[in-house]
Every structure is written in structure tokens, then in C-alpha cells.
>>> print(open('model.cif').read())   # mmCIF, C-alpha atoms
data_entry
#
loop_
_atom_site.group_PDB
_atom_site.id
_atom_site.type_symbol
_atom_site.label_atom_id
_atom_site.label_comp_id
_atom_site.auth_asym_id
_atom_site.auth_seq_id
_atom_site.Cartn_x
_atom_site.Cartn_y
_atom_site.Cartn_z
ATOM 1 C CA MET Q 168 45.991 32.265 -11.239
ATOM 2 C CA LEU Q 169 45.435 28.589 -11.911
ATOM 3 C CA THR Q 170 43.689 28.162 -8.540
ATOM 4 C CA ARG Q 171 41.401 31.123 -9.290
ATOM 5 C CA LEU Q 172 40.560 29.690 -12.713
ATOM 6 C CA ARG Q 173 39.712 26.308 -11.221
ATOM 7 C CA GLY Q 174 37.493 27.912 -8.609
ATOM 8 C CA ARG Q 175 35.629 29.860 -11.280
ATOM 9 C CA THR Q 176 35.186 26.700 -13.357
ATOM 10 C CA ASN Q 177 33.756 24.863 -10.365
ATOM 11 C CA ARG Q 178 31.330 27.722 -9.660
ATOM 12 C CA ASP Q 179 30.205 27.764 -13.289
ATOM 13 C CA ALA Q 180 29.678 23.986 -13.229
ATOM 14 C CA SER Q 181 27.676 24.266 -10.011
ATOM 15 C CA LEU Q 182 25.593 27.096 -11.490
ATOM 16 C CA TRP Q 183 24.742 25.151 -14.637
ATOM 17 C CA PHE Q 184 23.985 22.076 -12.538
ATOM 18 C CA TRP Q 185 21.292 23.960 -10.617
ATOM 19 C CA VAL Q 186 20.015 25.615 -13.792
ATOM 20 C CA PHE Q 187 19.205 22.199 -15.254
ATOM 21 C CA VAL Q 188 18.380 20.286 -12.068
ATOM 22 C CA GLY Q 189 16.720 23.107 -10.101
ATOM 23 C CA PRO Q 190 13.300 23.056 -11.842
ATOM 24 C CA PHE Q 191 13.010 19.278 -11.498
ATOM 25 C CA PHE Q 192 14.115 19.416 -7.865
ATOM 26 C CA ALA Q 193 11.590 22.189 -7.133
ATOM 27 C CA GLY Q 194 8.834 20.162 -8.770
ATOM 28 C CA LEU Q 195 9.839 17.093 -6.774
ATOM 29 C CA VAL Q 196 9.682 19.021 -3.508
ATOM 30 C CA LEU Q 197 6.465 20.844 -4.382
ATOM 31 C CA PHE Q 198 4.455 17.969 -5.827
ATOM 32 C CA ILE Q 199 5.923 14.963 -3.970
ATOM 33 C CA TYR Q 200 7.567 15.787 -0.650
ATOM 34 C CA VAL Q 201 5.212 18.565 0.439
ATOM 35 C CA PRO Q 202 2.029 16.465 -0.143
ATOM 36 C CA ILE Q 203 3.633 13.491 1.637
ATOM 37 C CA GLY Q 204 4.600 15.651 4.610
ATOM 38 C CA TRP Q 205 1.164 17.256 4.744
ATOM 39 C CA SER Q 206 -0.509 13.845 4.560
ATOM 40 C CA VAL Q 207 1.552 12.615 7.520
ATOM 41 C CA TYR Q 208 0.677 15.775 9.455
ATOM 42 C CA LEU Q 209 -3.013 15.490 8.540
ATOM 43 C CA SER Q 210 -3.159 11.872 9.720
ATOM 44 C CA PHE Q 211 -2.955 13.046 13.352
ATOM 45 C CA PHE Q 212 -5.950 15.372 13.049
ATOM 46 C CA GLU Q 213 -9.663 15.163 12.476
ATOM 47 C CA ALA Q 214 -10.384 16.457 8.995
ATOM 48 C CA TYR Q 215 -13.833 15.975 7.489
ATOM 49 C CA ASN Q 216 -14.639 17.644 4.154
ATOM 50 C CA THR Q 217 -11.441 19.690 4.377
ATOM 51 C CA VAL Q 218 -7.693 19.264 4.088
ATOM 52 C CA THR Q 219 -7.230 21.784 6.892
ATOM 53 C CA PRO Q 220 -6.729 20.022 10.250
ATOM 54 C CA THR Q 221 -9.324 20.900 12.865
ATOM 55 C CA GLU Q 222 -8.782 18.831 16.026
ATOM 56 C CA PHE Q 223 -5.721 16.869 17.094
ATOM 57 C CA VAL Q 224 -6.649 13.207 17.672
ATOM 58 C CA GLY Q 225 -3.199 11.592 17.921
ATOM 59 C CA LEU Q 226 -3.163 7.972 16.788
ATOM 60 C CA ALA Q 227 -6.963 7.657 16.682
ATOM 61 C CA ASN Q 228 -7.047 7.716 12.874
ATOM 62 C CA TYR Q 229 -4.471 4.924 12.722
ATOM 63 C CA ARG Q 230 -6.498 2.891 15.218
ATOM 64 C CA ASP Q 231 -9.640 3.423 13.147
ATOM 65 C CA MET Q 232 -7.925 2.212 10.000
ATOM 66 C CA LEU Q 233 -6.271 -0.822 11.560
ATOM 67 C CA THR Q 234 -9.551 -1.910 13.169
ATOM 68 C CA ASP Q 235 -11.568 -1.270 9.993
ATOM 69 C CA GLN Q 236 -12.481 -4.599 8.433
ATOM 70 C CA ALA Q 237 -12.837 -3.010 4.996
ATOM 71 C CA PHE Q 238 -9.258 -1.696 5.128
ATOM 72 C CA ARG Q 239 -7.933 -5.101 6.186
ATOM 73 C CA ASP Q 240 -9.932 -6.681 3.366
ATOM 74 C CA SER Q 241 -8.275 -4.261 0.929
ATOM 75 C CA LEU Q 242 -4.868 -5.463 2.124
ATOM 76 C CA LEU Q 243 -6.035 -9.046 1.555
ATOM 77 C CA THR Q 244 -7.101 -8.059 -1.957
ATOM 78 C CA PHE Q 245 -3.583 -6.777 -2.547
ATOM 79 C CA VAL Q 246 -2.104 -10.075 -1.332
ATOM 80 C CA VAL Q 247 -4.308 -12.027 -3.764
ATOM 81 C CA PHE Q 248 -3.493 -9.661 -6.618
ATOM 82 C CA ALA Q 249 0.250 -9.774 -5.886
ATOM 83 C CA ALA Q 250 0.146 -13.573 -5.663
ATOM 84 C CA PHE Q 251 -1.234 -13.626 -9.214
ATOM 85 C CA ILE Q 252 0.578 -10.771 -10.891
ATOM 86 C CA VAL Q 253 4.108 -10.839 -9.458
ATOM 87 C CA PRO Q 254 5.212 -14.410 -10.349
ATOM 88 C CA THR Q 255 3.252 -14.442 -13.613
ATOM 89 C CA THR Q 256 4.716 -11.154 -14.847
ATOM 90 C CA PHE Q 257 8.198 -12.198 -13.753
ATOM 91 C CA ALA Q 258 8.024 -15.523 -15.594
ATOM 92 C CA LEU Q 259 6.465 -14.123 -18.785
ATOM 93 C CA SER Q 260 8.835 -11.157 -18.999
ATOM 94 C CA LEU Q 261 11.883 -13.386 -18.448
ATOM 95 C CA LEU Q 262 10.660 -15.933 -21.012
ATOM 96 C CA THR Q 263 9.905 -13.192 -23.541
ATOM 97 C CA ALA Q 264 13.339 -11.631 -23.004
ATOM 98 C CA LEU Q 265 15.057 -14.980 -23.541
ATOM 99 C CA LEU Q 266 13.092 -15.609 -26.738
ATOM 100 C CA VAL Q 267 13.749 -12.135 -28.136
ATOM 101 C CA ALA Q 268 17.444 -12.317 -27.210
ATOM 102 C CA ARG Q 269 17.787 -15.593 -29.139
ATOM 103 C CA THR Q 270 15.994 -14.198 -32.194
ATOM 104 C CA ARG Q 271 18.412 -13.439 -35.005
ATOM 105 C CA VAL Q 272 15.888 -12.019 -37.484
ATOM 106 C CA MET Q 273 13.849 -8.823 -36.848
ATOM 107 C CA GLN Q 274 14.880 -8.667 -33.198
ATOM 108 C CA ALA Q 275 14.239 -4.904 -33.041
ATOM 109 C CA PHE Q 276 10.727 -5.455 -34.451
ATOM 110 C CA PHE Q 277 9.763 -8.041 -31.839
ATOM 111 C CA ARG Q 278 11.301 -5.951 -29.068
ATOM 112 C CA SER Q 279 9.208 -2.977 -30.149
ATOM 113 C CA VAL Q 280 6.021 -5.035 -30.495
ATOM 114 C CA PHE Q 281 6.277 -6.442 -26.985
ATOM 115 C CA PHE Q 282 7.196 -3.048 -25.514
ATOM 116 C CA LEU Q 283 4.449 -1.105 -27.320
ATOM 117 C CA PRO Q 284 1.681 -1.802 -24.729
ATOM 118 C CA VAL Q 285 3.796 -0.030 -22.085
ATOM 119 C CA ALA Q 286 3.031 3.263 -23.856
ATOM 120 C CA CYS Q 287 -0.717 2.631 -23.556
ATOM 121 C CA SER Q 288 -2.696 4.347 -20.812
ATOM 122 C CA TYR Q 289 -3.911 2.083 -18.012
ATOM 123 C CA VAL Q 290 -7.316 3.761 -18.190
ATOM 124 C CA VAL Q 291 -7.679 3.167 -21.923
ATOM 125 C CA ALA Q 292 -6.528 -0.448 -21.642
ATOM 126 C CA ALA Q 293 -8.922 -1.089 -18.748
ATOM 127 C CA LEU Q 294 -11.869 0.288 -20.728
ATOM 128 C CA VAL Q 295 -10.942 -1.793 -23.783
ATOM 129 C CA TRP Q 296 -10.755 -4.912 -21.607
ATOM 130 C CA LYS Q 297 -14.079 -4.064 -19.966
ATOM 131 C CA MET Q 298 -16.129 -2.957 -22.956
ATOM 132 C CA SER Q 299 -14.656 -4.870 -25.890
ATOM 133 C CA ILE Q 300 -12.930 -8.042 -24.738
ATOM 134 C CA PHE Q 301 -14.706 -9.061 -21.510
ATOM 135 C CA SER Q 302 -17.963 -7.136 -21.882
ATOM 136 C CA GLY Q 303 -20.090 -9.988 -20.539
ATOM 137 C CA MET Q 304 -22.241 -9.999 -23.677
ATOM 138 C CA SER Q 305 -22.034 -12.251 -26.695
ATOM 139 C CA SER Q 306 -20.598 -9.334 -28.648
ATOM 140 C CA GLY Q 307 -17.479 -9.291 -26.470
ATOM 141 C CA ALA Q 308 -14.375 -10.881 -27.970
ATOM 142 C CA ALA Q 309 -13.947 -13.427 -25.170
ATOM 143 C CA ASN Q 310 -17.580 -14.550 -25.213
ATOM 144 C CA ALA Q 311 -17.578 -14.615 -29.014
ATOM 145 C CA LEU Q 312 -14.708 -17.115 -28.937
ATOM 146 C CA LEU Q 313 -16.484 -19.149 -26.262
ATOM 147 C CA GLY Q 314 -19.636 -19.109 -28.392
ATOM 148 C CA LEU Q 315 -17.716 -20.725 -31.249
ATOM 149 C CA ALA Q 316 -16.891 -23.563 -28.840
ATOM 150 C CA GLY Q 317 -20.525 -23.866 -27.755
ATOM 151 C CA VAL Q 318 -20.045 -22.242 -24.334
ATOM 152 C CA SER Q 319 -22.655 -19.822 -23.001
ATOM 153 C CA PRO Q 320 -21.610 -16.160 -22.449
ATOM 154 C CA ILE Q 321 -19.956 -15.486 -19.093
ATOM 155 C CA PRO Q 322 -20.725 -12.325 -17.071
ATOM 156 C CA TRP Q 323 -17.045 -11.719 -16.349
ATOM 157 C CA LEU Q 324 -17.463 -8.757 -14.013
ATOM 158 C CA SER Q 325 -20.874 -9.397 -12.486
ATOM 159 C CA ILE Q 326 -20.351 -12.581 -10.477
ATOM 160 C CA THR Q 327 -18.048 -13.449 -7.604
ATOM 161 C CA ASP Q 328 -18.380 -17.242 -7.711
ATOM 162 C CA PRO Q 329 -16.292 -18.102 -9.610
ATOM 163 C CA PRO Q 330 -14.392 -14.790 -9.469
ATOM 164 C CA TRP Q 331 -13.882 -14.315 -13.198
ATOM 165 C CA TYR Q 332 -13.065 -10.633 -12.655
ATOM 166 C CA TRP Q 333 -9.562 -11.652 -11.525
ATOM 167 C CA LEU Q 334 -8.889 -13.001 -15.016
ATOM 168 C CA VAL Q 335 -9.885 -9.650 -16.523
ATOM 169 C CA ILE Q 336 -7.791 -7.545 -14.122
ATOM 170 C CA VAL Q 337 -4.697 -9.743 -14.193
ATOM 171 C CA SER Q 338 -4.695 -10.149 -17.980
ATOM 172 C CA ALA Q 339 -4.986 -6.377 -18.450
ATOM 173 C CA ARG Q 340 -2.058 -5.719 -16.100
ATOM 174 C CA LEU Q 341 0.023 -8.432 -17.775
ATOM 175 C CA TRP Q 342 -0.541 -6.957 -21.220
ATOM 176 C CA LEU Q 343 0.452 -3.521 -19.963
ATOM 177 C CA GLN Q 344 3.630 -4.315 -18.046
ATOM 178 C CA VAL Q 345 5.297 -7.477 -19.381
ATOM 179 C CA GLY Q 346 7.061 -5.481 -22.118
ATOM 180 C CA PHE Q 347 8.656 -3.089 -19.626
ATOM 181 C CA TYR Q 348 10.213 -5.832 -17.509
ATOM 182 C CA MET Q 349 11.204 -7.691 -20.668
ATOM 183 C CA ILE Q 350 13.378 -4.694 -21.574
ATOM 184 C CA LEU Q 351 15.025 -4.828 -18.139
ATOM 185 C CA PHE Q 352 15.836 -8.507 -18.588
ATOM 186 C CA LEU Q 353 17.075 -7.895 -22.133
ATOM 187 C CA ALA Q 354 19.465 -5.237 -20.844
ATOM 188 C CA ALA Q 355 20.757 -7.681 -18.238
ATOM 189 C CA LEU Q 356 21.137 -10.453 -20.825
ATOM 190 C CA GLN Q 357 23.240 -8.208 -23.034
ATOM 191 C CA ARG Q 358 25.700 -7.745 -20.163
ATOM 192 C CA VAL Q 359 26.376 -11.472 -19.767
ATOM 193 C CA PRO Q 360 29.912 -12.113 -21.095
ATOM 194 C CA VAL Q 361 29.871 -14.117 -24.319
ATOM 195 C CA THR Q 362 33.002 -15.951 -23.155
ATOM 196 C CA LEU Q 363 30.931 -17.735 -20.508
ATOM 197 C CA TYR Q 364 28.667 -19.227 -23.167
ATOM 198 C CA GLU Q 365 31.655 -20.137 -25.303
ATOM 199 C CA ALA Q 366 33.274 -21.946 -22.375
ATOM 200 C CA ALA Q 367 30.006 -23.752 -21.660
ATOM 201 C CA ALA Q 368 29.756 -24.849 -25.293
ATOM 202 C CA ILE Q 369 33.292 -26.242 -25.152
ATOM 203 C CA ASP Q 370 32.373 -28.194 -22.012
ATOM 204 C CA GLY Q 371 29.296 -29.604 -23.774
ATOM 205 C CA ALA Q 372 26.690 -27.747 -21.714
ATOM 206 C CA GLU Q 373 23.459 -26.747 -23.450
ATOM 207 C CA GLY Q 374 19.853 -25.771 -22.876
ATOM 208 C CA TRP Q 375 18.755 -25.913 -19.252
ATOM 209 C CA GLN Q 376 22.307 -26.396 -17.975
ATOM 210 C CA VAL Q 377 23.459 -23.141 -19.589
ATOM 211 C CA PHE Q 378 20.476 -21.233 -18.213
ATOM 212 C CA ARG Q 379 20.822 -22.658 -14.698
ATOM 213 C CA HIS Q 380 24.577 -22.259 -14.260
ATOM 214 C CA ILE Q 381 25.359 -19.202 -16.403
ATOM 215 C CA THR Q 382 22.347 -17.107 -17.421
ATOM 216 C CA TRP Q 383 20.353 -17.217 -14.185
ATOM 217 C CA PRO Q 384 23.253 -16.313 -11.824
ATOM 218 C CA GLN Q 385 24.093 -13.361 -14.078
ATOM 219 C CA LEU Q 386 20.449 -12.215 -13.959
ATOM 220 C CA LEU Q 387 20.124 -12.224 -10.157
ATOM 221 C CA PRO Q 388 20.646 -8.450 -9.681
ATOM 222 C CA ALA Q 389 18.130 -7.641 -12.421
ATOM 223 C CA SER Q 390 15.718 -10.259 -11.065
ATOM 224 C CA THR Q 391 15.857 -8.695 -7.619
ATOM 225 C CA ALA Q 392 15.118 -5.255 -9.035
ATOM 226 C CA VAL Q 393 12.237 -6.609 -11.143
ATOM 227 C CA LEU Q 394 10.668 -8.367 -8.149
ATOM 228 C CA LEU Q 395 10.936 -5.196 -6.083
ATOM 229 C CA LEU Q 396 9.322 -3.066 -8.790
ATOM 230 C CA LEU Q 397 6.570 -5.622 -9.342
ATOM 231 C CA LEU Q 398 5.708 -5.723 -5.652
ATOM 232 C CA ILE Q 399 5.614 -1.933 -5.328
ATOM 233 C CA ASN Q 400 3.487 -1.598 -8.467
ATOM 234 C CA ALA Q 401 1.092 -4.227 -7.115
ATOM 235 C CA PHE Q 402 0.695 -2.131 -3.954
ATOM 236 C CA GLN Q 403 -0.138 0.876 -6.115
ATOM 237 C CA ALA Q 404 -2.772 -0.853 -8.259
ATOM 238 C CA PHE Q 405 -5.712 1.463 -8.870
ATOM 239 C CA ASP Q 406 -6.487 2.294 -12.510
ATOM 240 C CA GLU Q 407 -7.310 -1.187 -13.754
ATOM 241 C CA PHE Q 408 -9.402 -2.076 -10.688
ATOM 242 C CA TYR Q 409 -11.371 1.154 -10.684
ATOM 243 C CA ASN Q 410 -12.001 1.428 -14.417
ATOM 244 C CA ILE Q 411 -12.820 -2.260 -14.907
ATOM 245 C CA LEU Q 412 -15.061 -2.886 -11.883
ATOM 246 C CA ALA Q 413 -16.679 0.513 -11.235
ATOM 247 C CA GLY Q 414 -20.020 1.141 -12.920
ATOM 248 C CA PHE Q 415 -22.954 3.541 -12.859
ATOM 249 C CA SER Q 416 -23.959 2.231 -9.419
ATOM 250 C CA GLY Q 417 -20.493 2.732 -7.981
ATOM 251 C CA TYR Q 418 -17.732 0.318 -7.086
ATOM 252 C CA PRO Q 419 -18.726 -3.215 -5.974
ATOM 253 C CA PRO Q 420 -17.931 -4.282 -2.390
ATOM 254 C CA TYR Q 421 -15.403 -6.889 -3.533
ATOM 255 C CA ALA Q 422 -11.872 -6.635 -4.974
ATOM 256 C CA ARG Q 423 -11.020 -3.263 -3.477
ATOM 257 C CA PRO Q 424 -7.237 -2.794 -3.329
ATOM 258 C CA PRO Q 425 -5.852 -0.321 -0.749
ATOM 259 C CA LEU Q 426 -5.729 2.689 -3.095
ATOM 260 C CA VAL Q 427 -9.342 2.190 -4.205
ATOM 261 C CA TYR Q 428 -10.447 1.933 -0.575
ATOM 262 C CA LEU Q 429 -8.490 5.070 0.380
ATOM 263 C CA TYR Q 430 -9.940 6.878 -2.629
ATOM 264 C CA TYR Q 431 -13.475 6.279 -1.389
ATOM 265 C CA THR Q 432 -12.478 7.053 2.216
ATOM 266 C CA ALA Q 433 -10.970 10.436 1.384
ATOM 267 C CA LEU Q 434 -13.105 11.437 -1.613
ATOM 268 C CA GLY Q 435 -16.317 9.514 -0.972
ATOM 269 C CA SER Q 436 -19.432 10.766 0.759
ATOM 270 C CA GLY Q 437 -17.663 11.095 4.114
ATOM 271 C CA GLN Q 438 -14.525 12.807 2.784
ATOM 272 C CA ASN Q 439 -12.543 11.750 5.827
ATOM 273 C CA PHE Q 440 -9.100 13.070 4.980
ATOM 274 C CA GLY Q 441 -7.748 12.225 8.423
ATOM 275 C CA ASP Q 442 -8.480 8.510 8.092
ATOM 276 C CA GLY Q 443 -7.458 8.574 4.436
ATOM 277 C CA SER Q 444 -4.091 10.121 5.279
ATOM 278 C CA ALA Q 445 -3.540 7.599 8.073
ATOM 279 C CA GLY Q 446 -4.303 4.747 5.673
ATOM 280 C CA ALA Q 447 -1.884 6.193 3.112
ATOM 281 C CA VAL Q 448 0.864 6.386 5.733
ATOM 282 C CA ILE Q 449 0.204 2.790 6.804
ATOM 283 C CA LEU Q 450 0.364 1.663 3.181
ATOM 284 C CA THR Q 451 3.614 3.585 2.619
ATOM 285 C CA VAL Q 452 5.189 1.994 5.700
ATOM 286 C CA LEU Q 453 4.087 -1.453 4.517
ATOM 287 C CA ILE Q 454 5.658 -0.858 1.092
ATOM 288 C CA ALA Q 455 8.898 0.305 2.718
ATOM 289 C CA VAL Q 456 9.012 -2.675 5.105
ATOM 290 C CA VAL Q 457 8.330 -5.187 2.321
ATOM 291 C CA ALA Q 458 10.921 -3.549 0.055
ATOM 292 C CA LEU Q 459 13.574 -3.553 2.792
ATOM 293 C CA ALA Q 460 12.788 -7.157 3.729
ATOM 294 C CA GLN Q 461 13.052 -8.267 0.110
ATOM 295 C CA THR Q 462 16.326 -6.433 -0.486
ATOM 296 C CA ARG Q 463 17.749 -7.836 2.738
ATOM 297 C CA LEU Q 464 16.573 -11.348 1.882
ATOM 298 C CA LEU Q 465 18.008 -11.215 -1.640
ATOM 299 C CA ARG Q 466 21.014 -9.147 -0.543
ATOM 300 C CA LEU Q 467 20.382 -6.375 -3.059
ATOM 301 C CA GLY Q 468 23.251 -3.935 -3.013
ATOM 302 C CA GLY Q 469 25.538 -6.209 -1.013
ATOM 303 C CA ARG Q 470 29.285 -6.135 -1.479
ATOM 304 C CA ASP Q 471 29.289 -9.503 -3.208
#
>>> encode(input="model.cif", output="C-alpha cells")
Amino acid sequence: MLTRLRGRTNRDASLWFWVFVGPFFAGLVLFIYVPIGWSVYLSFFEAYNTVTPTEFVGLANYRDMLTDQAFRDSLLTFVVFAAFIVPTTFALSLLTALLVARTRVMQAFFRSVFFLPVACSYVVAALVWKMSIFSGMSSGAANALLGLAGVSPIPWLSITDPPWYWLVIVSARLWLQVGFYMILFLAALQRVPVTLYEAAAIDGAEGWQVFRHITWPQLLPASTAVLLLLLINAFQAFDEFYNILAGFSGYPPYARPPLVYLYYTALGSGQNFGDGSAGAVILTVLIAVVALAQTRLLRLGGRD
């Protein structure tokens, strides 16, 4: 009797598990795994103006993408963007988390203020940056401040020497994501045992010594996760680039990250879905390789 009751309980638990998880799992398969699988399949076929494969071409699409100078330039654009955004976001989010954690008055208020931009749409933020702050006219906020200092207006998005557009793109991404990673660091800081700081205070350690020997070692797992997320998000940059740099005449030939290039390859005038799918697969493999290399280098998930 007891065995039968336990078996029924387990079946009921399994049933309710699939009742709650089933719709999300079905959506994951339908909207994530199926498109990924179809994209991989499509990358081996010739597909112009259609997502239905027409002629099997093997690895020809991959060869076309790897020999395409524009695609390689897009990967270089990602490297430049990641070199700016990853260390800057990491440092600012860690510094902000440390400052908020040490605040004794209105800590919840400051935490909310710094996190609030995360709820903002990337498209909306990009348009605000483009049209209100760095509009290139004297009416823009940035040029208005420069005008007070006697500096002539700067066409932020219209010139490539110097490449002022990087300042616009990077500052927009920083404003949007620093608060999210600050929350991750704050969560990690709250898990540091208070006894460690008390022991350090007894030993006379303070300031930089406490951070170097206690806080930073305790933040290593969170730091590894933050670096991994930052790198993956840099690979996936699209909204801020497209909405800031694209205009009525189209997208300029410079500062095209991989997703912007693939967007124009698959949905541009040629609508080459075969090459676009091959480029997406190459980009996915690159993200996976970089993520695995980083986790192996930093020993994420190791037994220690």
C-alpha cells in the first residue's frame, strides 16, 4: 500500500512538472532549437530569396564567408568593440557594486537607480543617444556642453577620423548594462563571510589590502561569469550599432559587427540565406570556442 502510494505521488509530481515546464520547453524547442537546426541545415545549400534549400553546395557557403573580406572586417569590428566594452564594463560594474555595498544610507535607492537603465530598450536608448545626446548639431547635449567650453560642434557619427562613433556606441552600451553586472557583483559581495573582514581588521589590514586578499578572491567565480557574459553579449551586439549608425541612406561601410553584416547578407538586396546561415554557424562556433577557452583558462566549474 505504501509503495503504491509513493508511486502515485511520484506520477503526480511528474505530471505537474510537465504541466508547468512543458509550455516553456515546447517554446524553447520551437523558437530556439528548430531555427538553429534549420540554419545549420540551410548553410549547406544554395538559398537565394528563400529559406527553402534548392541545391546542395557542401562547404561552399562556409568558404565564401571565410574568404569574404567584409565578414572578416566584421569580426575585427567585434574585437575592437570587445576590447573597449568588456574591461570597461567589468571595472565600472565592480566599482559601482563596491560603492553601493559600502553605502549605509539609501542603499536600496542607489541600487535601483543604477539598475534602472537595464529595463530600457536598446533601441530606445540608441535613438536617444543618436538624436538627443550625440546628434552632431549644436542642439545636441554633448555639443551644447562643448559649446560652453568654446569647442566647435563635432559630427559624432559622420566622420571616421577620428572615429568618434565609438564613443557614442560604447557609452550607450555602458549605460545600458553596467547596472546588470553591478547586481551580480553585489550578490557575490553579500556572500563574502563577515568573519573574514573582522579577522582582517584585527590584523590591521585595510583598504587595498582587504580588497586584494579577501574581497577579490571571493569574487573570482562571479568575475568569471561576468567576463563570460560580457564577451558573449559583445558578440551579439546589433541594436546599438544598427540604430545609431544606420540612416536614410543605409548603413555606413564601417563599424559593422558580425550580426549587422549577417543581417544585410540574409535580408539585404541579395537575400542570400545560405551564406547568412553559414556565417551564423561560424559565429556560433566562435562564441562556443571563446567561452570554452575562457572557462578552461579561469577554471570555471573546477573542483577547487
>>> atom_distance(input="model.cif", atom1="atom CA of Pro284 of chain Q", atom2="atom CA of Leu343 of chain Q")
5.2 Å
>>> resolve_selection(input="model.cif", expression="the PyMOL selection byres ((chain Q and resi 262-265) around 12)", output="VMD selection string")
chain Q and resid 255 to 261 266 to 270 274 277 to 282 345 to 357 374 378 382 to 383 386
>>> resolve_selection(input="model.cif", expression="the PyMOL selection byres ((chain Q and resi 334-342) around 7)", output="PDB file with C-alpha atoms, keeping the file's coordinate frame")
ATOM      1  CA  ILE Q 252       0.578 -10.771 -10.891  1.00  0.00           C
ATOM      2  CA  THR Q 256       4.716 -11.154 -14.847  1.00  0.00           C
ATOM      3  CA  PRO Q 284       1.681  -1.802 -24.729  1.00  0.00           C
ATOM      4  CA  ALA Q 292      -6.528  -0.448 -21.642  1.00  0.00           C
ATOM      5  CA  ALA Q 293      -8.922  -1.089 -18.748  1.00  0.00           C
ATOM      6  CA  TRP Q 296     -10.755  -4.912 -21.607  1.00  0.00           C
ATOM      7  CA  PHE Q 301     -14.706  -9.061 -21.510  1.00  0.00           C
ATOM      8  CA  TRP Q 331     -13.882 -14.315 -13.198  1.00  0.00           C
ATOM      9  CA  TYR Q 332     -13.065 -10.633 -12.655  1.00  0.00           C
ATOM     10  CA  TRP Q 333      -9.562 -11.652 -11.525  1.00  0.00           C
ATOM     11  CA  LEU Q 343       0.452  -3.521 -19.963  1.00  0.00           C
ATOM     12  CA  GLN Q 344       3.630  -4.315 -18.046  1.00  0.00           C
ATOM     13  CA  VAL Q 345       5.297  -7.477 -19.381  1.00  0.00           C
ATOM     14  CA  GLU Q 407      -7.310  -1.187 -13.754  1.00  0.00           C
ATOM     15  CA  PHE Q 408      -9.402  -2.076 -10.688  1.00  0.00           C
TER      16      PHE Q 408
END
>>> closest_residue(input="model.cif", among="Q:Thr362, Q:Val427, Q:Cys287, Q:Ala214", to="Ala413 of chain Q", atoms="only C-alpha atoms")
Q:Val427
>>> closest_residue(input="model.cif", among="Q:Phe440, Q:Trp375, Q:Phe402, Q:Trp183", to="Phe211 of chain Q", atoms="all atoms listed in the file")
Q:Phe440
>>> resolve_selection(input="model.cif", expression="the PyMOL selection byres ((chain Q and resi 230) around 12)", output="number ranges by chain")
Q: 210-211, 224-229, 231-236, 238, 441-442, 445-446, 449
>>> atom_distance(input="model.cif", atom1="atom CA of Val377 of chain Q", atom2="atom CA of Thr391 of chain Q")
20.2 Å
>>> closest_residue(input="model.cif", among="Q:Leu429, Q:Val253, Q:Leu312, Q:Leu450", to="Leu395 of chain Q", atoms="all atoms listed in the file")
Q:Val253
>>> atom_distance(input="model.cif", atom1="atom CA of Pro384 of chain Q", atom2="atom CA of Gly371 of chain Q")
18.9 Å
>>> closest_residue(input="model.cif", among="Q:Asn216, Q:Gly194, Q:Leu209, Q:Glu222", to="Leu434 of chain Q", atoms="only C-alpha atoms")
Q:Asn216
>>> decode(input="model.cif", residues="segment 284-295 of chain Q", atoms="N, CA, C and O atoms", output="PDB file, in the first residue's frame")
ATOM      1  N   PRO Q 284      18.501  51.562 -15.842  1.00  0.00           N
ATOM      2  CA  PRO Q 284      18.735  51.536 -17.291  1.00  0.00           C
ATOM      3  C   PRO Q 284      18.637  50.148 -17.918  1.00  0.00           C
ATOM      4  O   PRO Q 284      18.401  50.030 -19.128  1.00  0.00           O
ATOM      5  N   VAL Q 285      18.818  49.087 -17.117  1.00  0.00           N
ATOM      6  CA  VAL Q 285      18.731  47.732 -17.658  1.00  0.00           C
ATOM      7  C   VAL Q 285      17.342  47.471 -18.225  1.00  0.00           C
ATOM      8  O   VAL Q 285      17.182  46.717 -19.185  1.00  0.00           O
ATOM      9  N   ALA Q 286      16.319  48.099 -17.647  1.00  0.00           N
ATOM     10  CA  ALA Q 286      14.945  47.901 -18.109  1.00  0.00           C
ATOM     11  C   ALA Q 286      14.648  48.672 -19.384  1.00  0.00           C
ATOM     12  O   ALA Q 286      13.584  48.476 -19.993  1.00  0.00           O
ATOM     13  N   CYS Q 287      15.557  49.536 -19.815  1.00  0.00           N
ATOM     14  CA  CYS Q 287      15.333  50.350 -21.006  1.00  0.00           C
ATOM     15  C   CYS Q 287      15.630  49.535 -22.265  1.00  0.00           C
ATOM     16  O   CYS Q 287      16.548  48.720 -22.297  1.00  0.00           O
ATOM     17  N   SER Q 288      14.870  49.765 -23.302  1.00  0.00           N
ATOM     18  CA  SER Q 288      15.094  49.089 -24.576  1.00  0.00           C
ATOM     19  C   SER Q 288      16.381  49.580 -25.217  1.00  0.00           C
ATOM     20  O   SER Q 288      16.694  50.781 -25.194  1.00  0.00           O
ATOM     21  N   TYR Q 289      17.139  48.672 -25.813  1.00  0.00           N
ATOM     22  CA  TYR Q 289      18.357  49.057 -26.521  1.00  0.00           C
ATOM     23  C   TYR Q 289      18.036  49.982 -27.684  1.00  0.00           C
ATOM     24  O   TYR Q 289      18.810  50.897 -27.993  1.00  0.00           O
ATOM     25  N   VAL Q 290      16.930  49.748 -28.349  1.00  0.00           N
ATOM     26  CA  VAL Q 290      16.550  50.582 -29.496  1.00  0.00           C
ATOM     27  C   VAL Q 290      16.255  52.003 -29.035  1.00  0.00           C
ATOM     28  O   VAL Q 290      16.729  52.979 -29.629  1.00  0.00           O
ATOM     29  N   VAL Q 291      15.481  52.132 -27.973  1.00  0.00           N
ATOM     30  CA  VAL Q 291      15.133  53.460 -27.464  1.00  0.00           C
ATOM     31  C   VAL Q 291      16.382  54.198 -27.000  1.00  0.00           C
ATOM     32  O   VAL Q 291      16.584  55.383 -27.311  1.00  0.00           O
ATOM     33  N   ALA Q 292      17.240  53.507 -26.246  1.00  0.00           N
ATOM     34  CA  ALA Q 292      18.470  54.142 -25.770  1.00  0.00           C
ATOM     35  C   ALA Q 292      19.355  54.575 -26.931  1.00  0.00           C
ATOM     36  O   ALA Q 292      19.937  55.665 -26.914  1.00  0.00           O
ATOM     37  N   ALA Q 293      19.464  53.731 -27.955  1.00  0.00           N
ATOM     38  CA  ALA Q 293      20.293  54.082 -29.114  1.00  0.00           C
ATOM     39  C   ALA Q 293      19.758  55.322 -29.820  1.00  0.00           C
ATOM     40  O   ALA Q 293      20.529  56.203 -30.231  1.00  0.00           O
ATOM     41  N   LEU Q 294      18.442  55.431 -29.957  1.00  0.00           N
ATOM     42  CA  LEU Q 294      17.866  56.603 -30.616  1.00  0.00           C
ATOM     43  C   LEU Q 294      18.037  57.857 -29.774  1.00  0.00           C
ATOM     44  O   LEU Q 294      18.253  58.951 -30.319  1.00  0.00           O
ATOM     45  N   VAL Q 295      17.936  57.729 -28.452  1.00  0.00           N
ATOM     46  CA  VAL Q 295      18.175  58.886 -27.581  1.00  0.00           C
ATOM     47  C   VAL Q 295      19.618  59.351 -27.711  1.00  0.00           C
ATOM     48  O   VAL Q 295      19.899  60.552 -27.812  1.00  0.00           O
TER      49      VAL Q 295
END
